[in-house]
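File shown here: model.cif, holding mmCIF, C-alpha atoms.
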data_my_file
loop_
_atom_site.label_atom_id
_atom_site.label_comp_id
_atom_site.auth_asym_id
_atom_site.auth_seq_id
_atom_site.Cartn_x
_atom_site.Cartn_y
_atom_site.Cartn_z
CA MET R 1 53.10 64.07 140.74
CA LYS R 2 55.29 66.66 142.45
CA THR R 3 53.76 68.67 145.25
CA ILE R 4 55.02 72.06 146.41
CA THR R 5 53.80 73.71 149.57
CA SER R 6 54.02 77.44 150.11
CA ARG R 7 54.90 77.36 153.80
CA GLU R 8 58.64 77.96 153.81
CA LEU R 9 58.41 81.10 151.68
CA GLU R 10 56.40 83.15 154.08
CA SER R 11 58.45 83.80 157.19
CA VAL R 12 58.13 87.59 157.02
CA ASP R 13 54.50 87.51 155.99
CA ILE R 14 53.64 85.19 158.83
CA GLU R 15 55.08 87.44 161.54
CA LEU R 16 53.32 90.46 160.20
CA GLY R 17 50.21 88.40 159.66
CA GLU R 18 50.20 87.23 163.27
CA ASP R 19 50.14 90.81 164.55
CA MET R 20 47.29 91.63 162.23
CA LEU R 21 45.33 88.49 163.15
CA GLN R 22 45.87 89.14 166.85
CA GLY R 23 44.68 92.73 166.41
CA ASN R 24 41.61 91.46 164.59
CA ARG R 25 40.82 88.99 167.38
CA ILE R 26 40.88 91.77 169.97
CA LEU R 27 38.55 93.90 167.86
CA ALA R 28 36.28 90.88 167.34
CA GLU R 29 35.97 90.48 171.10
CA ARG R 30 35.07 94.16 171.36
CA ASN R 31 32.33 93.64 168.74
CA ARG R 32 31.00 90.68 170.71
CA ARG R 33 30.79 92.74 173.91
CA LYS R 34 29.00 95.52 172.05
CA LEU R 35 26.49 93.01 170.66
CA ASP R 36 25.98 91.27 174.01
CA GLU R 37 25.45 94.54 175.86
CA ALA R 38 22.71 95.40 173.37
CA GLY R 39 21.24 91.89 173.51
CA VAL R 40 21.82 91.34 169.80
CA TYR R 41 22.69 87.98 168.22
CA ALA R 42 24.98 88.09 165.14
CA VAL R 43 25.83 85.43 162.58
CA ASP R 44 28.70 85.57 160.08
CA ILE R 45 27.71 84.06 156.72
CA LEU R 46 30.46 82.73 154.47
CA GLY R 47 30.31 81.17 151.03
CA SER R 48 31.57 81.45 147.46
CA VAL R 49 30.05 83.92 145.07
CA GLY R 50 26.73 82.55 143.84
CA SER R 51 26.34 80.00 146.64
CA GLY R 52 23.12 81.70 147.71
CA LYS R 53 24.13 83.74 150.77
CA THR R 54 22.01 86.75 149.90
CA THR R 55 18.91 84.71 149.10
CA LEU R 56 19.35 82.84 152.40
CA VAL R 57 19.58 86.12 154.32
CA GLN R 58 16.46 87.38 152.53
CA GLN R 59 14.63 84.19 153.53
CA MET R 60 15.80 84.33 157.14
CA VAL R 61 14.68 87.97 157.38
CA ILE R 62 11.26 87.00 156.01
CA HIS R 63 10.95 83.96 158.31
CA LEU R 64 11.85 86.03 161.37
CA SER R 65 9.49 88.86 160.43
CA GLY R 66 7.19 89.62 163.39
CA LYS R 67 9.36 87.47 165.69
CA ALA R 68 12.67 89.33 165.72
CA LYS R 69 13.97 92.68 164.54
CA THR R 70 16.68 92.07 161.97
CA ALA R 71 19.38 94.04 160.22
CA ALA R 72 22.18 93.04 157.89
CA ILE R 73 25.73 94.01 157.11
CA ALA R 74 26.69 93.11 153.55
CA GLY R 75 30.30 92.87 152.41
CA ASP R 76 31.02 93.13 148.73
CA LEU R 77 33.93 94.27 146.59
CA THR R 78 32.30 97.15 144.77
CA THR R 79 28.57 96.72 144.17
CA THR R 80 25.43 97.11 146.31
CA ILE R 81 23.55 94.30 144.52
CA ASP R 82 23.35 92.10 147.63
CA ALA R 83 22.52 94.91 150.02
CA ASP R 84 19.67 96.10 147.79
CA ARG R 85 18.18 92.61 147.71
CA ILE R 86 18.31 92.21 151.49
CA GLN R 87 16.75 95.62 152.01
CA GLN R 88 13.85 94.57 149.80
CA ALA R 89 13.18 91.70 152.21
CA GLY R 90 12.62 94.23 154.98
CA ALA R 91 15.88 94.48 156.94
CA GLU R 92 17.97 97.57 157.52
CA VAL R 93 21.30 97.13 155.71
CA VAL R 94 24.76 98.59 156.08
CA GLN R 95 26.91 97.99 153.03
CA ILE R 96 30.68 97.54 153.32
CA ASN R 97 32.59 97.81 150.07
CA THR R 98 35.97 96.18 150.57
CA GLY R 99 37.50 97.19 147.22
CA LYS R 100 40.02 94.46 146.49
CA GLU R 101 39.96 92.94 149.98
CA CYS R 102 38.58 89.43 150.01
CA HIS R 103 37.06 89.40 153.50
CA LEU R 104 35.42 91.55 156.15
CA ASP R 105 37.39 92.19 159.31
CA ALA R 106 36.40 93.06 162.87
CA ASN R 107 37.25 96.73 162.41
CA LEU R 108 35.03 97.16 159.35
CA VAL R 109 32.22 95.30 161.12
CA HIS R 110 32.70 97.52 164.19
CA ARG R 111 32.14 100.59 162.04
CA ALA R 112 29.09 99.00 160.42
CA LEU R 113 27.65 98.10 163.86
CA SER R 114 28.05 101.75 164.85
CA GLU R 115 25.72 102.69 161.99
CA LEU R 116 22.96 100.49 163.42
CA ASN R 117 20.68 101.23 166.36
CA LEU R 118 21.52 97.98 168.13
CA LYS R 119 19.14 98.60 171.04
CA ALA R 120 16.25 98.32 168.58
CA LEU R 121 17.49 95.04 167.08
CA ASP R 122 17.52 91.32 167.90
CA VAL R 123 19.53 89.76 165.07
CA VAL R 124 22.27 91.00 162.75
CA PHE R 125 23.16 88.95 159.65
CA VAL R 126 26.67 89.62 158.37
CA GLU R 127 27.10 88.53 154.76
CA ASN R 128 30.82 88.18 154.23
CA VAL R 129 32.67 88.69 150.92
CA GLY R 130 32.07 85.83 148.47
CA ASN R 131 34.82 83.25 148.77
CA LEU R 132 35.63 80.37 151.09
CA ILE R 133 39.27 81.11 151.83
CA CYS R 134 40.24 84.52 153.18
CA PRO R 135 37.39 85.17 155.63
CA GLY R 136 38.34 82.06 157.61
CA GLU R 137 41.01 83.67 159.76
CA PHE R 138 39.11 86.87 160.47
CA PRO R 139 36.49 86.39 163.16
CA ILE R 140 34.24 89.42 163.36
CA GLY R 141 32.71 88.84 166.80
CA ALA R 142 29.59 86.97 165.66
CA HIS R 143 27.94 84.30 167.86
CA ASP R 144 27.70 81.77 165.05
CA ARG R 145 29.37 81.34 161.70
CA ILE R 146 27.73 79.47 158.85
CA VAL R 147 29.31 78.29 155.63
CA VAL R 148 27.05 78.10 152.59
CA VAL R 149 28.03 75.71 149.82
CA SER R 150 25.95 74.96 146.75
CA THR R 151 25.43 71.63 145.03
CA THR R 152 26.34 73.45 141.80
CA GLU R 153 29.90 73.87 143.06
CA GLY R 154 30.39 70.16 142.55
CA PRO R 155 31.12 67.30 144.95
CA TYR R 156 34.44 68.43 146.48
CA MET R 157 33.75 71.82 147.99
CA ILE R 158 33.70 70.69 151.59
CA ARG R 159 36.77 68.47 151.33
CA LYS R 160 38.61 71.37 149.67
CA HIS R 161 37.92 73.82 152.50
CA PRO R 162 38.68 72.01 155.74
CA TYR R 163 40.11 75.07 157.51
CA ILE R 164 36.98 77.10 157.13
CA VAL R 165 34.66 74.22 158.03
CA MET R 166 36.68 73.74 161.24
CA GLU R 167 35.80 77.28 162.32
CA THR R 168 32.11 77.02 161.50
CA SER R 169 28.99 76.19 163.52
CA VAL R 170 26.71 75.10 160.67
CA VAL R 171 27.24 74.03 157.04
CA VAL R 172 24.37 74.93 154.74
CA VAL R 173 24.16 72.89 151.54
CA ASN R 174 22.07 75.04 149.21
CA LYS R 175 20.39 74.51 145.79
CA ILE R 176 19.47 70.94 146.74
CA ASP R 177 16.95 70.94 143.87
CA LEU R 178 19.99 70.75 141.56
CA ALA R 179 21.82 67.98 143.45
CA GLU R 180 20.66 65.22 141.12
CA ILE R 181 21.42 67.04 137.87
CA MET R 182 24.84 67.98 139.29
CA GLY R 183 25.53 64.38 140.33
CA VAL R 184 26.15 65.47 143.91
CA ASP R 185 25.43 63.07 146.79
CA LEU R 186 23.99 65.04 149.73
CA GLY R 187 24.77 62.26 152.19
CA GLN R 188 28.42 62.35 151.13
CA LEU R 189 28.55 66.11 151.69
CA ARG R 190 27.15 65.66 155.19
CA LYS R 191 29.75 62.98 155.84
CA ASP R 192 32.57 65.18 154.46
CA ALA R 193 31.56 68.00 156.84
CA GLN R 194 31.32 65.68 159.82
CA ASP R 195 34.67 64.09 158.97
CA VAL R 196 36.26 67.54 159.18
CA LYS R 197 34.37 68.56 162.32
CA PRO R 198 32.46 65.84 164.16
CA GLY R 199 29.10 67.06 165.43
CA ILE R 200 28.85 70.03 163.09
CA GLY R 201 25.31 70.96 162.04
CA VAL R 202 24.49 70.33 158.37
CA VAL R 203 21.32 71.75 156.81
CA PHE R 204 19.99 71.19 153.29
CA THR R 205 18.23 74.16 151.73
CA ASN R 206 16.69 75.53 148.58
CA ALA R 207 16.97 79.21 149.40
CA ARG R 208 14.86 80.24 146.43
CA THR R 209 11.77 78.48 147.80
CA GLY R 210 12.68 78.76 151.48
CA GLN R 211 12.97 74.96 151.90
CA GLY R 212 15.16 74.16 154.90
CA VAL R 213 15.30 77.73 156.19
CA PRO R 214 13.33 76.95 159.40
CA ASP R 215 15.78 74.08 160.08
CA LEU R 216 18.68 76.49 159.68
CA LEU R 217 17.12 79.03 162.04
CA GLN R 218 16.63 76.22 164.60
CA LEU R 219 20.34 75.43 164.54
CA LEU R 220 21.41 79.05 165.05
CA ARG R 221 21.69 80.21 168.63
CA ILE R 222 19.21 83.05 168.20
CA PRO R 223 17.91 83.88 171.70
CA LYS R 224 14.21 83.15 172.17
CA SER R 225 12.42 86.41 172.93
CA MET W 1 21.49 102.37 153.08
CA LYS W 2 24.85 103.35 154.59
CA THR W 3 27.97 102.38 152.67
CA ILE W 4 31.41 102.00 154.23
CA THR W 5 34.54 101.59 152.14
CA SER W 6 37.66 100.02 153.53
CA ARG W 7 40.12 102.29 151.78
CA GLU W 8 41.10 104.73 154.49
CA LEU W 9 42.01 102.01 156.96
CA GLU W 10 44.80 100.49 154.98
CA SER W 11 47.64 102.97 154.67
CA VAL W 12 50.26 100.66 156.20
CA ASP W 13 48.99 97.59 154.38
CA ILE W 14 49.06 99.36 151.05
CA GLU W 15 52.71 100.37 151.30
CA LEU W 16 53.79 96.91 152.28
CA GLY W 17 51.48 95.43 149.67
CA GLU W 18 53.03 97.54 146.91
CA ASP W 19 56.48 96.14 147.64
CA MET W 20 55.10 92.62 147.54
CA LEU W 21 53.14 93.22 144.33
CA GLN W 22 56.16 94.85 142.67
CA GLY W 23 58.33 91.87 143.70
CA ASN W 24 55.74 89.53 142.26
CA ARG W 25 55.66 91.40 138.95
CA ILE W 26 59.44 91.07 138.60
CA LEU W 27 59.25 87.34 139.27
CA ALA W 28 56.36 87.06 136.79
CA GLU W 29 58.54 88.62 134.09
CA ARG W 30 61.26 86.10 134.91
CA ASN W 31 58.73 83.27 134.48
CA ARG W 32 57.67 84.69 131.13
CA ARG W 33 61.28 84.80 129.89
CA LYS W 34 61.80 81.22 131.07
CA LEU W 35 58.69 80.12 129.18
CA ASP W 36 59.56 82.08 126.04
CA GLU W 37 63.10 80.73 125.96
CA ALA W 38 61.69 77.20 126.02
CA GLY W 39 58.99 78.04 123.46
CA VAL W 40 56.21 77.22 125.91
CA TYR W 41 52.83 78.98 126.01
CA ALA W 42 51.20 79.31 129.46
CA VAL W 43 47.67 80.27 130.47
CA ASP W 44 46.52 81.27 133.98
CA ILE W 45 43.03 79.93 134.74
CA LEU W 46 40.98 81.70 137.39
CA GLY W 47 37.53 80.98 138.74
CA SER W 48 35.54 80.26 141.87
CA VAL W 49 35.53 76.82 143.41
CA GLY W 50 33.23 74.60 141.38
CA SER W 51 33.15 76.84 138.30
CA GLY W 52 34.63 74.01 136.24
CA LYS W 53 38.30 74.97 135.88
CA THR W 54 39.61 71.43 136.32
CA THR W 55 37.13 69.92 133.87
CA LEU W 56 38.04 72.62 131.33
CA VAL W 57 41.74 71.84 131.71
CA GLN W 58 41.01 68.13 131.27
CA GLN W 59 39.07 68.90 128.09
CA MET W 60 41.75 71.21 126.68
CA VAL W 61 44.40 68.55 127.36
CA ILE W 62 42.28 65.98 125.52
CA HIS W 63 41.54 68.34 122.59
CA LEU W 64 45.24 69.18 122.21
CA SER W 65 46.31 65.55 122.42
CA GLY W 66 48.51 64.68 119.42
CA LYS W 67 48.79 68.40 118.51
CA ALA W 68 50.66 69.85 121.48
CA LYS W 69 52.50 68.51 124.51
CA THR W 70 50.76 69.76 127.61
CA ALA W 71 51.43 69.96 131.32
CA ALA W 72 49.56 71.57 134.20
CA ILE W 73 50.28 73.34 137.45
CA ALA W 74 47.40 73.03 139.89
CA GLY W 75 47.00 75.33 142.87
CA ASP W 76 44.83 74.17 145.74
CA LEU W 77 44.66 74.81 149.47
CA THR W 78 45.32 71.30 150.73
CA THR W 79 44.06 68.54 148.45
CA THR W 80 45.29 66.92 145.22
CA ILE W 81 41.78 66.29 143.87
CA ASP W 82 42.20 68.62 140.87
CA ALA W 83 45.73 67.50 140.04
CA ASP W 84 44.69 63.85 140.05
CA ARG W 85 41.87 64.58 137.62
CA ILE W 86 44.11 66.48 135.20
CA GLN W 87 46.72 63.74 135.32
CA GLN W 88 44.05 61.23 134.29
CA ALA W 89 43.47 63.29 131.13
CA GLY W 90 47.09 62.70 130.15
CA ALA W 91 49.06 65.77 131.22
CA GLU W 92 52.01 65.91 133.58
CA VAL W 93 50.96 67.82 136.70
CA VAL W 94 52.79 69.75 139.39
CA GLN W 95 50.63 70.37 142.44
CA ILE W 96 51.06 73.50 144.56
CA ASN W 97 49.39 73.40 147.94
CA THR W 98 49.01 76.96 149.17
CA GLY W 99 47.77 76.15 152.67
CA LYS W 100 45.66 79.14 153.65
CA GLU W 101 46.85 81.38 150.80
CA CYS W 102 44.10 82.23 148.37
CA HIS W 103 46.18 82.60 145.21
CA LEU W 104 49.27 81.36 143.40
CA ASP W 105 52.13 83.81 143.04
CA ALA W 106 54.98 84.10 140.56
CA ASN W 107 57.49 82.59 142.97
CA LEU W 108 55.43 79.43 143.57
CA VAL W 109 54.85 79.09 139.83
CA HIS W 110 58.57 79.56 139.21
CA ARG W 111 59.29 76.63 141.49
CA ALA W 112 56.64 74.54 139.77
CA LEU W 113 58.05 75.40 136.31
CA SER W 114 61.43 74.17 137.53
CA GLU W 115 59.87 70.76 138.14
CA LEU W 116 58.80 70.50 134.50
CA ASN W 117 60.97 69.66 131.51
CA LEU W 118 59.90 72.76 129.58
CA LYS W 119 61.94 71.89 126.48
CA ALA W 120 59.67 68.90 125.95
CA LEU W 121 56.44 70.93 126.30
CA ASP W 122 54.28 73.27 124.21
CA VAL W 123 51.56 74.38 126.62
CA VAL W 124 51.31 74.77 130.41
CA PHE W 125 47.90 75.21 132.01
CA VAL W 126 48.04 76.89 135.41
CA GLU W 127 44.91 76.28 137.45
CA ASN W 128 44.85 78.97 140.11
CA VAL W 129 43.29 78.67 143.58
CA GLY W 130 39.49 78.71 143.47
CA ASN W 131 38.21 82.23 144.00
CA LEU W 132 37.75 85.34 141.89
CA ILE W 133 39.33 87.92 144.16
CA CYS W 134 42.86 87.39 145.41
CA PRO W 135 44.56 85.99 142.28
CA GLY W 136 43.73 89.18 140.38
CA GLU W 137 46.73 91.19 141.51
CA PHE W 138 49.27 88.39 141.19
CA PRO W 139 50.32 87.84 137.59
CA ILE W 140 52.35 84.66 137.26
CA GLY W 141 53.98 85.28 133.89
CA ALA W 142 51.40 83.52 131.72
CA HIS W 143 50.66 84.65 128.14
CA ASP W 144 46.90 84.63 128.65
CA ARG W 145 44.61 84.70 131.61
CA ILE W 146 41.10 83.29 131.49
CA VAL W 147 38.32 83.71 134.02
CA VAL W 148 35.83 80.87 134.31
CA VAL W 149 32.39 81.71 135.64
CA SER W 150 29.50 79.28 135.83
CA THR W 151 25.83 79.96 135.13
CA THR W 152 25.15 78.29 138.48
CA GLU W 153 26.82 81.21 140.25
CA GLY W 154 23.84 83.34 139.31
CA PRO W 155 23.48 86.39 137.11
CA TYR W 156 25.79 88.86 138.86
CA MET W 157 29.19 87.18 138.91
CA ILE W 158 30.73 89.29 136.18
CA ARG W 159 29.38 92.61 137.42
CA LYS W 160 30.66 91.72 140.89
CA HIS W 161 34.25 91.10 139.75
CA PRO W 162 35.19 94.00 137.48
CA TYR W 163 38.82 94.15 138.66
CA ILE W 164 39.59 90.61 137.67
CA VAL W 165 37.74 90.83 134.34
CA MET W 166 39.83 93.91 133.51
CA GLU W 167 43.00 91.83 133.77
CA THR W 168 41.72 88.93 131.70
CA SER W 169 42.00 87.91 128.03
CA VAL W 170 38.96 85.63 127.84
CA VAL W 171 35.85 85.07 129.96
CA VAL W 172 34.55 81.51 129.85
CA VAL W 173 30.90 81.09 130.83
CA ASN W 174 30.60 77.43 131.79
CA LYS W 175 27.69 75.05 132.55
CA ILE W 176 25.58 76.68 129.82
CA ASP W 177 23.30 73.62 129.90
CA LEU W 178 22.07 74.97 133.26
CA ALA W 179 21.58 78.59 132.15
CA GLU W 180 17.85 78.23 131.64
CA ILE W 181 17.13 76.43 134.90
CA MET W 182 19.24 79.05 136.71
CA GLY W 183 17.41 81.91 134.99
CA VAL W 184 20.70 83.29 133.67
CA ASP W 185 20.75 85.25 130.40
CA LEU W 186 23.94 84.40 128.47
CA GLY W 187 23.66 87.49 126.28
CA GLN W 188 23.54 89.67 129.38
CA LEU W 189 26.70 87.99 130.75
CA ARG W 190 28.49 88.68 127.47
CA LYS W 191 27.35 92.29 127.65
CA ASP W 192 28.46 92.59 131.31
CA ALA W 193 31.95 91.37 130.38
CA GLN W 194 32.20 93.68 127.39
CA ASP W 195 30.96 96.64 129.46
CA VAL W 196 33.87 96.06 131.84
CA LYS W 197 36.43 95.44 129.10
CA PRO W 198 35.39 96.28 125.54
CA GLY W 199 36.62 93.69 123.04
CA ILE W 200 37.19 90.93 125.62
CA GLY W 201 36.64 87.40 124.29
CA VAL W 202 33.62 85.59 125.74
CA VAL W 203 33.14 81.84 125.21
CA PHE W 204 30.20 79.68 126.25
CA THR W 205 31.07 76.14 127.30
CA ASN W 206 29.75 72.95 128.80
CA ALA W 207 33.03 71.54 130.03
CA ARG W 208 31.49 68.18 130.92
CA THR W 209 30.67 67.45 127.28
CA GLY W 210 33.45 69.51 125.71
CA GLN W 211 31.00 71.91 124.04
CA GLY W 212 32.73 75.23 123.30
CA VAL W 213 36.23 73.96 124.12
CA PRO W 214 37.51 74.29 120.51
CA ASP W 215 36.23 77.91 120.49
CA LEU W 216 38.14 78.58 123.69
CA LEU W 217 41.35 77.08 122.28
CA GLN W 218 40.92 79.29 119.21
CA LEU W 219 40.86 82.41 121.37
CA LEU W 220 44.00 81.48 123.30
CA ARG W 221 47.28 82.56 121.77
CA ILE W 222 48.70 79.06 121.60
CA PRO W 223 51.44 79.12 118.93
CA LYS W 224 50.67 77.00 115.87
CA SER W 225 53.28 74.27 115.64
#
Using the file provided, produce a representation of the structure as structure tokens.
Amino acid sequence: MKTITSRELESVDIELGEDMLQGNRILAERNRRKLDEAGVYAVDILGSVGSGKTTLVQQMVIHLSGKAKTAAIAGDLTTTIDADRIQQAGAEVVQINTGKECHLDANLVHRALSELNLKALDVVFVENVGNLICPGEFPIGAHDRIVVVSTTEGPYMIRKHPYIVMETSVVVVNKIDLAEIMGVDLGQLRKDAQDVKPGIGVVFTNARTGQGVPDLLQLLRIPKS
Amino acid sequence: MKTITSRELESVDIELGEDMLQGNRILAERNRRKLDEAGVYAVDILGSVGSGKTTLVQQMVIHLSGKAKTAAIAGDLTTTIDADRIQQAGAEVVQINTGKECHLDANLVHRALSELNLKALDVVFVENVGNLICPGEFPIGAHDRIVVVSTTEGPYMIRKHPYIVMETSVVVVNKIDLAEIMGVDLGQLRKDAQDVKPGIGVVFTNARTGQGVPDLLQLLRIPKS
């Protein structure tokens, strides 16, 4: 089998890209300062479309109800489906429609944060655009980043996305009720994640029922109030 | 709910992007001529990670065995997992590792086509990088493009990706054996696709068993030999 790598074709792109990535990092640090000054914890939630990000955010909002004041920023190409669902769970939501862009960036998140009354909040969930590739290089200033994969994506999804797992605090393996029917070995997924990033937190959830959500909240660095 | 759109921020990006997209379109036309001169039909296969693209390619290779000579080009970030699986089904495979790039482009596919003996082939399957966003704007010169969605991605995956459905010949809804357990209405998915693009072909498959694969091959414009 022949293998081609795309690296040598991209000299111009890379230079331009570096400027853009550097600019994004500076804006991400500004977001972090804004959050810290207001005493707000933020988590960036990545995952493919259909992995269960929105349902997880709904569940975390419900589990934190009465303990922390939550809001969400939801990135999506064109629809407000996710934002509507999170709002139903009781959190204030700012929707970011990215059009054809496949990730949020620190500037968009900065504008969304400006729409929220941060002083009245404890936790902001940022649901990124649904894919496991582009958001990787665009930190948004969050305190933690979680990657949500689903057993229904098959057995290789962690091995296929080492870059993004490297830049993640916690891997959430969702839809564990379907692991057996999908022929997916949960222990192997944990091992794959820890091979990429030793010591990384791995949580198994069924977001529909809420199973595993308290374990996930434990692993996040949400300040105790 | 507040909604922010990313459009106004991107004036510089858009201009640069247009040059790049225009360049890609020219290279895509060159690929198409190269394919047509050799009498080879090519199909670009898009879908999220875990939607079943590789298994579908394996099945199509097996179904065409003895009827058409097939090869595959497999795009992936870093691994050769997909390429290995397709090769086992009996097709020659060229692997393209895109690193952090979230799509194939016409230039990469051109290089991959140069690795194949096109004169000896009838059909080339191009498995794009696993996500439903970035590959949309990068035609590669294929005769058809199919989008693979899986019932396990939940009920909204077509409504959430109108741009890519617009640029597609056939929508494949895979893992139909799990539709009921996932609470996904296949008729609604067909309707969602046809709302976005009236007349678009919609096929229901279970790629693991091969169910629906002959219907899919019927809808592709593979020349009868």
Quick check on the file I pasted: which residues fall under the PyMOL selection byres ((chain R) within 9 of (chain W))? Write them as a short mmCIF file (atom, residue, chain, number, x, y, z; two decimals) with C-alpha atoms, keeping the file's coordinate frame.
data_model
loop_
_atom_site.label_atom_id
_atom_site.label_comp_id
_atom_site.auth_asym_id
_atom_site.auth_seq_id
_atom_site.Cartn_x
_atom_site.Cartn_y
_atom_site.Cartn_z
CA MET R 1 53.10 64.07 140.74
CA LYS R 2 55.29 66.66 142.45
CA THR R 3 53.76 68.67 145.25
CA ILE R 4 55.02 72.06 146.41
CA THR R 5 53.80 73.71 149.57
CA SER R 6 54.02 77.44 150.11
CA ARG R 7 54.90 77.36 153.80
CA LEU R 9 58.41 81.10 151.68
CA SER R 48 31.57 81.45 147.46
CA VAL R 49 30.05 83.92 145.07
CA GLY R 50 26.73 82.55 143.84
CA SER R 51 26.34 80.00 146.64
CA GLY R 52 23.12 81.70 147.71
CA ASP R 76 31.02 93.13 148.73
CA LEU R 77 33.93 94.27 146.59
CA THR R 78 32.30 97.15 144.77
CA THR R 79 28.57 96.72 144.17
CA THR R 80 25.43 97.11 146.31
CA ILE R 81 23.55 94.30 144.52
CA ALA R 83 22.52 94.91 150.02
CA ASP R 84 19.67 96.10 147.79
CA GLN R 87 16.75 95.62 152.01
CA GLU R 92 17.97 97.57 157.52
CA VAL R 93 21.30 97.13 155.71
CA VAL R 94 24.76 98.59 156.08
CA GLN R 95 26.91 97.99 153.03
CA ILE R 96 30.68 97.54 153.32
CA ASN R 97 32.59 97.81 150.07
CA THR R 98 35.97 96.18 150.57
CA GLY R 99 37.50 97.19 147.22
CA LYS R 100 40.02 94.46 146.49
CA GLU R 101 39.96 92.94 149.98
CA CYS R 102 38.58 89.43 150.01
CA ASN R 107 37.25 96.73 162.41
CA LEU R 108 35.03 97.16 159.35
CA ARG R 111 32.14 100.59 162.04
CA ALA R 112 29.09 99.00 160.42
CA GLU R 115 25.72 102.69 161.99
CA GLY R 130 32.07 85.83 148.47
CA ASN R 131 34.82 83.25 148.77
CA LEU R 132 35.63 80.37 151.09
CA ILE R 133 39.27 81.11 151.83
CA CYS R 134 40.24 84.52 153.18
CA GLY R 136 38.34 82.06 157.61
CA GLU R 137 41.01 83.67 159.76
CA SER R 150 25.95 74.96 146.75
CA THR R 152 26.34 73.45 141.80
CA GLU R 153 29.90 73.87 143.06
CA GLY R 154 30.39 70.16 142.55
CA PRO R 155 31.12 67.30 144.95
CA TYR R 156 34.44 68.43 146.48
CA MET R 157 33.75 71.82 147.99
CA ARG R 159 36.77 68.47 151.33
CA LYS R 160 38.61 71.37 149.67
CA HIS R 161 37.92 73.82 152.50
CA PRO R 162 38.68 72.01 155.74
CA TYR R 163 40.11 75.07 157.51
#
Original post:
In Å, with one decimal, what is the gap from CA of Val147 in chain R to CA of Asp44 in chain R?
Top reply: 8.6 Å
Subject >> Selection dump of the PyMOL selection byres ((chain R and resi 216-218) around 9), as a ChimeraX atom specification >> reply: /R:60,63-64,170,172,201-205,212-215,219-222
Selection to disk with C-alpha atoms, as a PDB file, in the coordinates of the input:
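New file out24.pdb:
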ATOM      1  CA  MET R  60      15.800  84.330 157.140  1.00  0.00           C
ATOM      2  CA  HIS R  63      10.950  83.960 158.310  1.00  0.00           C
ATOM      3  CA  LEU R  64      11.850  86.030 161.370  1.00  0.00           C
ATOM      4  CA  VAL R 170      26.710  75.100 160.670  1.00  0.00           C
ATOM      5  CA  VAL R 172      24.370  74.930 154.740  1.00  0.00           C
ATOM      6  CA  GLY R 201      25.310  70.960 162.040  1.00  0.00           C
ATOM      7  CA  VAL R 202      24.490  70.330 158.370  1.00  0.00           C
ATOM      8  CA  VAL R 203      21.320  71.750 156.810  1.00  0.00           C
ATOM      9  CA  PHE R 204      19.990  71.190 153.290  1.00  0.00           C
ATOM     10  CA  THR R 205      18.230  74.160 151.730  1.00  0.00           C
ATOM     11  CA  GLY R 212      15.160  74.160 154.900  1.00  0.00           C
ATOM     12  CA  VAL R 213      15.300  77.730 156.190  1.00  0.00           C
ATOM     13  CA  PRO R 214      13.330  76.950 159.400  1.00  0.00           C
ATOM     14  CA  ASP R 215      15.780  74.080 160.080  1.00  0.00           C
ATOM     15  CA  LEU R 219      20.340  75.430 164.540  1.00  0.00           C
ATOM     16  CA  LEU R 220      21.410  79.050 165.050  1.00  0.00           C
ATOM     17  CA  ARG R 221      21.690  80.210 168.630  1.00  0.00           C
ATOM     18  CA  ILE R 222      19.210  83.050 168.200  1.00  0.00           C
TER      19      ILE R 222
END
Original post:
Between CA of Leu121 in chain R and CA of Lys67 in chain R, what is the spacing in Å?
Top reply: 11.2 Å
Can you list, as a PDB file with C-alpha atoms, keeping the file's coordinate frame, every protein, DNA or RNA residue that comes within 12 Å of Ala120 in chain W when you count all atoms listed in the file, leaving out same-chain residues fewer than 6 positions away?
ATOM      1  CA  LEU W  35      58.690  80.120 129.180  1.00  0.00           C
ATOM      2  CA  ALA W  38      61.690  77.200 126.020  1.00  0.00           C
ATOM      3  CA  GLY W  39      58.990  78.040 123.460  1.00  0.00           C
ATOM      4  CA  VAL W  40      56.210  77.220 125.910  1.00  0.00           C
ATOM      5  CA  ALA W  68      50.660  69.850 121.480  1.00  0.00           C
ATOM      6  CA  LYS W  69      52.500  68.510 124.510  1.00  0.00           C
ATOM      7  CA  THR W  70      50.760  69.760 127.610  1.00  0.00           C
ATOM      8  CA  ALA W  71      51.430  69.960 131.320  1.00  0.00           C
ATOM      9  CA  GLU W  92      52.010  65.910 133.580  1.00  0.00           C
TER      10      GLU W  92
END
Subject >> Within-6 Å shell of (25.6, 68.3, 153.1) in input frame, only C-alpha atoms, as an MDAnalysis selection string >> reply: chainID R and resid 173 186 189:190 202
**OP:** Taking the file above as input, evaluate the PyMOL selection byres ((chain W and resi 194) around 12) and report the hits as a ChimeraX atom specification.
**Re:** /W:158-159,162,165-166,168-171,187-193,195-202
